[in-house]
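Okay, data-v6.csv is below, CSV, C-alpha atoms:
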```csv
chain,number,residue,atom,x,y,z
A,1155,GLN,CA,-45.5,47.2,-50.4
A,1156,LYS,CA,-44.6,49.6,-47.7
A,1157,GLU,CA,-43.1,48.2,-44.4
A,1158,VAL,CA,-45.6,50.3,-42.4
A,1159,GLU,CA,-49.2,50.9,-43.6
A,1160,GLN,CA,-51.4,53.3,-41.8
A,1161,ASP,CA,-55.2,53.8,-42.3
A,1162,PRO,CA,-55.2,56.9,-44.4
A,1163,GLY,CA,-58.2,58.8,-43.1
A,1164,PRO,CA,-59.1,61.6,-42.8
A,1165,LEU,CA,-61.3,61.0,-39.8
A,1166,SER,CA,-63.9,63.4,-38.6
A,1167,VAL,CA,-65.7,62.6,-35.3
A,1168,PRO,CA,-67.9,64.5,-32.9
A,1169,GLU,CA,-66.5,65.6,-29.5
A,1170,GLY,CA,-66.6,62.8,-27.0
A,1171,ALA,CA,-66.3,60.0,-29.5
A,1172,ILE,CA,-63.9,57.1,-29.2
A,1173,VAL,CA,-61.3,57.2,-32.0
A,1174,SER,CA,-59.3,54.2,-33.3
A,1175,LEU,CA,-56.2,54.8,-35.3
A,1176,ASN,CA,-54.5,51.8,-36.9
A,1177,CYS,CA,-51.2,50.6,-38.5
A,1178,THR,CA,-49.9,47.3,-39.8
A,1179,TYR,CA,-46.3,46.3,-40.4
A,1180,SER,CA,-44.5,43.6,-42.3
A,1181,ASN,CA,-41.0,43.4,-40.7
A,1182,SER,CA,-40.7,41.1,-37.7
A,1183,ALA,CA,-37.5,42.9,-36.8
A,1184,PHE,CA,-39.5,45.8,-35.6
A,1185,GLN,CA,-39.4,45.9,-31.8
A,1186,TYR,CA,-40.5,49.3,-30.6
A,1187,PHE,CA,-43.8,51.0,-31.3
A,1188,MET,CA,-44.6,54.7,-31.1
A,1189,TRP,CA,-47.3,57.1,-31.8
A,1190,TYR,CA,-46.6,60.7,-32.6
A,1191,ARG,CA,-49.0,63.6,-32.8
A,1192,GLN,CA,-48.4,66.5,-35.3
A,1193,TYR,CA,-50.3,69.7,-35.2
A,1194,SER,CA,-50.5,71.7,-38.4
A,1195,ARG,CA,-47.2,73.3,-39.3
A,1196,LYS,CA,-45.4,71.9,-36.3
A,1197,GLY,CA,-42.9,69.0,-35.7
A,1198,PRO,CA,-44.2,65.6,-34.5
A,1199,GLU,CA,-44.3,65.1,-30.7
A,1200,LEU,CA,-44.1,61.7,-29.0
A,1201,LEU,CA,-47.4,60.6,-27.6
A,1202,MET,CA,-46.9,57.0,-26.5
A,1203,TYR,CA,-44.2,54.4,-26.7
A,1204,THR,CA,-44.2,50.6,-26.0
A,1205,TYR,CA,-42.2,47.6,-26.9
A,1206,SER,CA,-44.4,44.7,-25.9
A,1207,SER,CA,-47.6,43.2,-27.0
A,1208,GLY,CA,-50.7,44.3,-25.1
A,1209,ASN,CA,-52.1,47.6,-24.0
A,1210,LYS,CA,-50.5,50.7,-22.5
A,1211,GLU,CA,-52.7,53.4,-21.1
A,1212,ASP,CA,-51.9,57.1,-20.5
A,1213,GLY,CA,-54.9,59.2,-19.6
A,1214,ARG,CA,-57.4,59.2,-22.5
A,1215,PHE,CA,-54.9,57.4,-24.8
A,1216,THR,CA,-54.4,53.6,-25.1
A,1217,ALA,CA,-51.8,52.1,-27.3
A,1218,GLN,CA,-52.4,48.5,-28.3
A,1219,VAL,CA,-49.8,46.2,-29.9
A,1220,ASP,CA,-50.4,42.7,-31.4
A,1221,LYS,CA,-47.1,41.3,-32.5
A,1222,SER,CA,-48.6,38.1,-33.8
A,1223,SER,CA,-50.8,40.0,-36.2
A,1224,LYS,CA,-48.3,42.8,-36.8
A,1225,TYR,CA,-51.0,45.3,-35.9
A,1226,ILE,CA,-50.9,48.4,-33.7
A,1227,SER,CA,-53.6,50.7,-32.7
A,1228,LEU,CA,-54.1,54.0,-30.8
A,1229,PHE,CA,-57.4,54.6,-29.1
A,1230,ILE,CA,-58.5,58.1,-27.9
A,1231,ARG,CA,-61.4,58.2,-25.4
A,1232,ASP,CA,-63.6,61.2,-24.9
A,1233,SER,CA,-62.0,62.9,-27.9
A,1234,GLN,CA,-61.6,66.7,-27.6
A,1235,PRO,CA,-61.3,69.4,-30.3
A,1236,SER,CA,-57.7,69.9,-29.1
A,1237,ASP,CA,-57.0,66.3,-30.3
A,1238,SER,CA,-57.4,67.4,-33.9
A,1239,ALA,CA,-54.1,66.7,-35.5
A,1240,THR,CA,-52.3,64.2,-37.7
A,1241,TYR,CA,-51.3,61.0,-35.9
A,1242,LEU,CA,-48.2,59.1,-37.1
A,1243,CYS,CA,-47.3,55.5,-36.1
A,1244,ALA,CA,-43.6,54.7,-36.0
A,1245,ILE,CA,-42.0,51.3,-35.7
A,1246,THR,CA,-38.3,50.9,-34.8
A,1247,THR,CA,-35.8,48.1,-35.1
A,1248,ASN,CA,-33.3,47.1,-32.4
A,1249,ALA,CA,-30.7,49.1,-34.4
A,1250,GLY,CA,-32.8,52.3,-33.8
A,1251,LYS,CA,-34.0,52.8,-37.4
A,1252,SER,CA,-37.6,54.0,-37.5
A,1253,THR,CA,-40.2,53.7,-40.2
A,1254,PHE,CA,-43.2,56.0,-40.1
A,1255,GLY,CA,-46.7,55.5,-41.4
A,1256,ASP,CA,-48.0,58.2,-43.7
A,1257,GLY,CA,-50.3,59.6,-40.9
A,1258,THR,CA,-54.0,59.9,-40.3
A,1259,THR,CA,-55.5,63.3,-40.0
A,1260,LEU,CA,-58.2,63.6,-37.2
A,1261,THR,CA,-60.7,66.3,-36.8
A,1262,VAL,CA,-62.8,66.4,-33.6
A,1263,LYS,CA,-65.8,68.7,-34.1
A,1264,PRO,CA,-67.3,70.5,-31.1
B,899,ASN,CA,-34.0,73.4,-22.2
B,900,ALA,CA,-34.6,74.2,-25.8
B,901,GLY,CA,-34.8,70.6,-27.0
B,902,VAL,CA,-34.2,70.4,-30.8
B,903,THR,CA,-33.6,73.6,-32.6
B,904,GLN,CA,-33.4,74.1,-36.4
B,905,THR,CA,-32.3,77.0,-38.6
B,906,PRO,CA,-33.6,78.5,-40.8
B,907,LYS,CA,-37.3,78.2,-40.4
B,908,PHE,CA,-38.0,79.1,-44.1
B,909,GLN,CA,-35.8,79.2,-47.2
B,910,VAL,CA,-36.3,79.8,-50.9
B,911,LEU,CA,-33.6,78.6,-53.2
B,912,LYS,CA,-33.1,78.7,-57.0
B,913,THR,CA,-32.3,75.5,-58.8
B,914,GLY,CA,-28.6,74.7,-58.5
B,915,GLN,CA,-28.0,76.8,-55.4
B,916,SER,CA,-26.6,75.2,-52.3
B,917,MET,CA,-27.4,75.5,-48.6
B,918,THR,CA,-26.9,73.9,-45.2
B,919,LEU,CA,-29.7,73.2,-42.7
B,920,GLN,CA,-28.5,73.4,-39.1
B,921,CYS,CA,-29.8,71.3,-36.2
B,922,ALA,CA,-28.8,71.3,-32.6
B,923,GLN,CA,-30.0,69.4,-29.5
B,924,ASP,CA,-29.4,70.1,-25.8
B,925,MET,CA,-30.6,66.8,-24.4
B,926,ASN,CA,-27.3,64.9,-24.5
B,927,HIS,CA,-28.8,62.5,-27.0
B,928,ASN,CA,-26.5,60.1,-28.9
B,929,SER,CA,-28.6,59.7,-32.1
B,930,MET,CA,-29.7,62.3,-34.6
B,931,TYR,CA,-31.8,62.1,-37.7
B,932,TRP,CA,-32.9,64.1,-40.8
B,933,TYR,CA,-36.3,63.5,-42.3
B,934,ARG,CA,-38.2,65.1,-45.1
B,935,GLN,CA,-42.0,65.3,-45.1
B,936,ASP,CA,-44.0,65.7,-48.3
B,937,PRO,CA,-47.8,65.8,-48.5
B,938,GLY,CA,-49.4,62.4,-48.2
B,939,MET,CA,-46.0,60.7,-47.9
B,940,GLY,CA,-45.2,60.7,-44.2
B,941,LEU,CA,-41.7,61.1,-42.9
B,942,ARG,CA,-38.9,59.7,-44.9
B,943,LEU,CA,-35.4,59.3,-43.4
B,944,ILE,CA,-32.6,61.0,-45.3
B,945,TYR,CA,-29.6,60.3,-43.1
B,946,TYR,CA,-29.0,59.5,-39.5
B,947,SER,CA,-26.2,59.4,-37.0
B,948,ALA,CA,-26.4,56.7,-34.4
B,949,SER,CA,-23.6,58.3,-32.4
B,950,GLU,CA,-21.0,61.0,-32.7
B,951,GLY,CA,-18.6,60.3,-35.5
B,952,THR,CA,-20.9,58.0,-37.5
B,953,THR,CA,-23.4,58.7,-40.2
B,954,ASP,CA,-25.5,56.4,-42.4
B,955,LYS,CA,-27.9,56.7,-45.3
B,956,GLY,CA,-31.6,56.4,-44.9
B,957,GLU,CA,-34.3,55.8,-47.4
B,958,VAL,CA,-33.8,58.9,-49.6
B,959,PRO,CA,-30.2,60.1,-49.3
B,960,ASN,CA,-29.6,61.2,-53.0
B,961,GLY,CA,-28.8,64.9,-53.3
B,962,TYR,CA,-27.9,65.4,-49.7
B,963,ASN,CA,-24.9,65.2,-47.4
B,964,VAL,CA,-24.6,65.4,-43.7
B,965,SER,CA,-22.1,66.2,-41.0
B,966,ARG,CA,-22.2,65.2,-37.3
B,967,LEU,CA,-20.2,68.2,-36.1
B,968,ASN,CA,-20.2,67.1,-32.5
B,969,LYS,CA,-22.6,65.4,-30.1
B,970,ARG,CA,-25.0,68.4,-30.2
B,971,GLU,CA,-25.0,69.3,-33.9
B,972,PHE,CA,-26.0,67.6,-37.1
B,973,SER,CA,-26.2,69.5,-40.4
B,974,LEU,CA,-27.8,68.7,-43.7
B,975,ARG,CA,-26.3,70.1,-46.9
B,976,LEU,CA,-28.0,70.4,-50.3
B,977,GLU,CA,-25.1,70.8,-52.8
B,978,SER,CA,-27.2,71.6,-55.9
B,979,ALA,CA,-30.9,72.1,-55.0
B,980,ALA,CA,-33.6,70.7,-57.3
B,981,PRO,CA,-37.3,71.4,-57.3
B,982,SER,CA,-37.9,67.8,-56.2
B,983,GLN,CA,-36.2,68.8,-52.9
B,984,THR,CA,-39.0,71.2,-52.1
B,985,SER,CA,-40.2,69.8,-48.8
B,986,VAL,CA,-40.4,70.3,-45.0
B,987,TYR,CA,-37.3,69.1,-43.3
B,988,PHE,CA,-37.3,67.8,-39.7
B,989,CYS,CA,-34.3,67.1,-37.5
B,990,ALA,CA,-34.8,64.7,-34.6
B,991,SER,CA,-32.8,63.2,-31.8
B,992,SER,CA,-33.0,60.2,-29.5
B,993,LYS,CA,-31.0,58.7,-26.7
B,994,GLY,CA,-30.4,55.7,-28.9
B,995,GLN,CA,-29.2,52.2,-27.9
B,996,VAL,CA,-31.5,52.0,-24.9
B,997,THR,CA,-34.6,53.9,-26.0
B,998,TYR,CA,-35.5,55.1,-29.4
B,999,GLU,CA,-38.3,57.6,-29.0
B,1000,GLN,CA,-37.4,60.6,-31.1
B,1001,TYR,CA,-37.8,64.3,-30.3
B,1002,PHE,CA,-38.3,66.6,-33.3
B,1003,GLY,CA,-37.4,70.1,-34.1
B,1004,PRO,CA,-39.9,72.7,-35.5
B,1005,GLY,CA,-38.9,72.0,-39.1
B,1006,THR,CA,-37.5,74.0,-42.1
B,1007,ARG,CA,-39.8,74.8,-45.0
B,1008,LEU,CA,-37.7,74.7,-48.2
B,1009,THR,CA,-38.9,75.8,-51.6
B,1010,VAL,CA,-36.7,75.3,-54.7
B,1011,THR,CA,-37.8,77.2,-57.7
```

Encoded form using structure tokens:
Amino acid sequence: QKEVEQDPGPLSVPEGAIVSLNCTYSNSAFQYFMWYRQYSRKGPELLMYTYSSGNKEDGRFTAQVDKSSKYISLFIRDSQPSDSATYLCAITTNAGKSTFGDGTTLTVKP
Amino acid sequence: NAGVTQTPKFQVLKTGQSMTLQCAQDMNHNSMYWYRQDPGMGLRLIYYSASEGTTDKGEVPNGYNVSRLNKREFSLRLESAAPSQTSVYFCASSKGQVTYEQYFGPGTRLTVT
């Protein structure tokens, strides 16, 4: 079993929809939770970062962490065609070692 | 501020050939990483360097070696390339110790025939 499991997708939604992207993890040593966005043929770029349970909002994006359930989510409100990309969750130990999910590919149709 | 740069962008090797992938960062980060990304398999850590002068194996180190040349530069060497090493290779860096979000380079697309 992988340490980080990400809903595989792909997801296709109409413009303006709310998108939910999800990951689960098994290792309680994970302390830091990140979401990266990767456009086709580009390197991943950091989208959001948190280390505590609860919600963190940044514009149209909300990262949610539930440490008791070992579950993290990224919500995108009012999705736009420019949000079409692969989204990767990454979970990191105190020693700085990150484990990535396999990614969910999102397409937002105009 | 270029961030993380990688060279080359593309490379084709024959089985058994060797090559070095170069990575440099200008953000004064302590930690650097090498990943490979294969279709449907996400990012897998090959090697990382928590700080200048140290390197450690990641999830898939076999067939690779690394050198942390100085704080800015971290190279990845394939001594005898195999078709299974066909992949996209990403270098990343992070401040480390205090915060672990990583900044990625644009990647090197390597094909081994």

Checklist entry - atom CA of A:Ala1239 and atom CA of A:Lys1221, how far apart in Å? => result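 We find that atom CA of A:Lys1221 and atom CA of A:Ala1239 lie 26.5 Å from each other.
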
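Taking atom CA of A:Leu1260 as the reference point, atom CA of A:Glu1159 is found at 16.8 Å.
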
Checklist entry - Mind listing as number ranges by chain which residues of chain B are within 12 Å of chain A, counting all atoms listed in the file? => result B: 901-904, 907-908, 928-949, 954-957, 986-1007

Next on the checklist: Excluding A:Thr1261 and its own-chain neighbours fewer than 4 positions away, which residues fall within 10 Å of it when counting all atoms listed in the file? Please give them as a PyMOL selection string.
Outcome noted: chain A and resi 1164-1169+1233-1240

Next on the checklist: I'd like the interatomic distance between atom CA of B:Ala900 and atom CA of B:Arg975, to a tenth of an Å.
Outcome noted: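 If I compute the distance from atom CA of B:Ala900 to atom CA of B:Arg975, I get 23.0 Å.
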
Item to check | Nearest residue to A:Ile1230 from the set A:Pro1264, A:Glu1157, A:Leu1175, A:Asn1209 (distances using only C-alpha atoms) | outcome: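 Using only C-alpha atoms, the shortest distance to A:Ile1230 belongs to A:Leu1175.
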